[in-house]
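**Q** Pasting a structure below so you can have a look.
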Amino acid sequence: MSSGLELSFEFSNAFPEKKEDHPLFMRQGGIRGCLKLRNPGGIEVDKVKLILRGYMFNTIGHGCQELYQPHKLRMESKILHMIDVQDSFAYARDHCAGREEVFNFDFQLRKANYDLDESLDDGELLRQFNGFLPCSLGIFGPWCQHAVGQACCQAEALVKYELEAKVFNGDDCVGSGFRPLRIFDCPDTNPPPVHLEHFPGEYTCSDEQRLRTLYKMGNPLLRVSVVEPKPVEIRPNGEMALAALMFRFTMRGVDAPPKQLEVRINSMLKAMTFIAVNKLGSQPTVSLSKKCPLVAAVPKWGRSYHRKLRLGQWVGGEKPGEWVASALIWMPVCENSTPAPTFFTPSLSRRYSSVLRIEVKGAGKAVFNLHIPVQIVYPDPIADVPSYETATSTPSSEEEGFNFGISDELPIYVR
């Protein structure tokens with residue numbers, strides 16, 4: 001920025017956050033605001049040029065000498081470039097130094113051409129996702145399954161956006177400034193459930209084990225299953241986002257249900273980022289990243305959350321000796337953060353899952369490990385999701401613990 005000019009950006013539709021160092025915008029709403037220009041030195045100015053840019057850098061490093069020679073694959077793409085030029089009339093109107101001039105801007109990202117590179121041969125699939133922007137993110141980590149203990153098999157992805165302002169006097173640039181931005185593309189605020197068969201080995205929504213007791217004969221079987229929750233809606237100002245997980249406990253091989261079954265649930269949000277150095281026509285998978293050297297899957301985990309409940313109300317199942325209990329649990333997903341939504345573009349995609357460790361005690365002991373698909377969205381307007389305090393508070397009728405029976409509520413996909 002020139003010493004004789006003072007430039008500052010103000011935005012009117014940024015996503016509300018506690019920290020606004022890198023303002024966040026939804027692609028559907030565009031980027032609106034103004035540039036304020038102060039000219040204390042009285043420099044002659046005749047126009048201002050606003051440039052909105054976006055870049056993507058993908059890198060996959062191989063260091064497994066038994067598989068490949070050490071090398072790196074890198075792809076760079078310009079994913080967004082929009083220009084707005086406005087004339088300045090302050091200097092022509094008067095020569096008073098220090099006056100402030102305001103330039104309003106409104107970048108409609110729905111109409112932007114996002115893919116500036118060459119097209120794929122498979123034009124149909126490319127057109128289907130050509131209008132999507134990669135979400136802002138920066139990730140770096142190990143990905144190779146064969147390089148145990150090696151730090152050289154790394155993958156990296158960086159998507160960055162910035163708004164630059166250039167002040168001109170004729171053809172000469174007399175001042176400039178820029179502001180880094182974040183853009184999330186969430187076109188579907190209520191996507192359909194994940195088709196588990198398309199992602200073999202990535203998700204586990206049910207597990208059955210025999211409860212361990214002092215007696216090794218006739219121990220009952222317990223099956224724990226969880227339904228994929230409705231999309232998790234990220235709330236403004238760092239409020240905690242919650243996922244509604246419907247648990248179903250089915251016990252078999254007993255004449256009567258247990259009087260009490262204690263359950264402890266530990267959950268973590270797992271973010272899986274798929275980085276490609278070529279363009280893909282369909283959703284990548286973890287199994288594909290193990291076979292294809294052009295695709296890497298980098299996992300990251302969030303913080304751990306814990307919940308406890310007691311199952312004391314069981315109802316008879318469809319078969320003799322079968323007892324069923326259900327529980328709708330609001331599990332925290334993230335707080336004080338704005339994770340990228342679930343998205344897919346031909347060179348970069350992000351999927352989430354809730355990693356659950358379920359410890360059962362009472363009629364016997366068992367540990368269940370589940371991976372439940374979770375989809376993160378940024379709705380507009382934001383839906384009415386209960387706060388963390390409301391969801392975790394204990395009703396007065398449950399002073400002795402959490403007792404759940406079969407729920408007659410609508411399915412969780414019905415709003």
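Ordering of the structure tokens sets the chain letters (A, B, ...); residue numbers start at 1 within each chain; ligands are numbered from 1 in the order shown.
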Applying 10 Å and only C-alpha atoms, which residues near Gly4 in chain A remain after dropping the ones on its own chain fewer than 5 positions away? List them as a VMD selection string.
**A** chain A and resid 38 to 43 174 to 175
**Q** Do you know which residues are at most 8 Å from Ala296 in chain A counting only C-alpha atoms, after dropping those on the same chain fewer than 4 positions away, and could you put them as a PDB file with N, CA and C atoms, in the first residue's frame?
**A**
ATOM      1  N   ILE A  60       1.574 -33.871  -3.984  1.00  0.00           N
ATOM      2  CA  ILE A  60       1.635 -35.234  -3.444  1.00  0.00           C
ATOM      3  C   ILE A  60       3.087 -35.690  -3.516  1.00  0.00           C
ATOM      4  N   TRP A 143       0.125 -39.382   4.226  1.00  0.00           N
ATOM      5  CA  TRP A 143      -1.000 -40.037   3.578  1.00  0.00           C
ATOM      6  C   TRP A 143      -0.695 -41.473   3.156  1.00  0.00           C
ATOM      7  N   CYS A 144       0.574 -41.802   2.896  1.00  0.00           N
ATOM      8  CA  CYS A 144       0.909 -43.092   2.308  1.00  0.00           C
ATOM      9  C   CYS A 144       0.766 -44.203   3.344  1.00  0.00           C
ATOM     10  N   ALA A 155       1.332 -35.090   1.680  1.00  0.00           N
ATOM     11  CA  ALA A 155       0.465 -34.444   0.698  1.00  0.00           C
ATOM     12  C   ALA A 155       0.034 -33.095   1.253  1.00  0.00           C
ATOM     13  N   PHE A 274      -9.310 -35.357   0.219  1.00  0.00           N
ATOM     14  CA  PHE A 274      -8.784 -36.079  -0.939  1.00  0.00           C
ATOM     15  C   PHE A 274      -8.142 -35.073  -1.889  1.00  0.00           C
ATOM     16  N   ILE A 275      -6.847 -35.258  -2.118  1.00  0.00           N
ATOM     17  CA  ILE A 275      -6.052 -34.351  -2.938  1.00  0.00           C
ATOM     18  C   ILE A 275      -5.654 -35.084  -4.211  1.00  0.00           C
ATOM     19  N   ALA A 276      -5.913 -34.472  -5.344  1.00  0.00           N
ATOM     20  CA  ALA A 276      -5.588 -35.085  -6.635  1.00  0.00           C
ATOM     21  C   ALA A 276      -4.738 -34.125  -7.457  1.00  0.00           C
ATOM     22  N   SER A 289      -7.068 -44.096  -3.185  1.00  0.00           N
ATOM     23  CA  SER A 289      -5.818 -43.418  -2.828  1.00  0.00           C
ATOM     24  C   SER A 289      -4.693 -44.408  -2.548  1.00  0.00           C
ATOM     25  N   LYS A 290      -5.026 -45.639  -2.170  1.00  0.00           N
ATOM     26  CA  LYS A 290      -4.002 -46.652  -1.927  1.00  0.00           C
ATOM     27  C   LYS A 290      -3.483 -47.273  -3.218  1.00  0.00           C
TER      28      LYS A 290
END
**Q** DSSP on the backbone: which residues in range 221-259 of chain A end up as strand (DSSP E)? Give the answer as a ChimeraX atom specification.
**A** /A:221-227,232-233,241-252
**Q** In Å, how far is it from CA of Thr213 in chain A to CA of Ala363 in chain A?
**A**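 We find that CA of Thr213 in chain A and CA of Ala363 in chain A lie 7.7 Å from each other.
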**Q** Using only C-alpha atoms, find the one residue out of A:Lys279, A:Lys361, A:Arg32, A:His62 that sits nearest to Cys153 in chain A.
**A**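 Closest candidate: A:His62.
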**Q** Would you pick out the contacts of range 306-316 of chain A at 10 Å or less, using only C-alpha atoms, so that residues sharing its chain but fewer than 2 positions from it are not included, and give the list as a PyMOL selection string?
**A** chain A and resi 249-251+256-268+304+318-327+329-332+356-362+392+400-406
**Q** Quote the spacing between CA of Pro373 in chain A and CA of Tyr352 in chain A in Å to one decimal place.
**A** 6.2 Å
**Q** Per DSSP on the backbone, filter range 210-379 of chain A down to the residues in helix (DSSP H, G or I) and report them as an NGL selection string.
**A** :A and (236-238 or 286-291)
**Q** Find, counting only C-alpha atoms, the residue in A:Glu197, A:Val286, A:Phe9, A:Met240 that gets nearest to Asp21 in chain A.
**A**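 For Asp21 in chain A, the nearest of the given residues is A:Phe9.
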**Q** Using CA of Gly201 in chain A and CA of Ser287 in chain A as the two end points, give the distance in Å to one decimal.
**A**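 Between CA of Gly201 in chain A and CA of Ser287 in chain A the gap works out to 8.2 Å.
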**Q** Near Phe57 in chain A, within 7 Å and counting only C-alpha atoms, which residues show up once chain neighbours fewer than 5 positions away are dropped, as a list in words?
**A**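 Once the nearby chain positions are removed, what remains is Met75, Glu76, Ser77, Ala157, Leu158 and Val159 of chain A.
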**Q** Just want the 10 Å neighbourhood of Pro339 in chain A, counted on only C-alpha atoms, with same-chain residues fewer than 5 positions away dropped. Output as a VMD selection string.
**A** chain A and resid 135 to 137 184 234 271 334 376 to 378
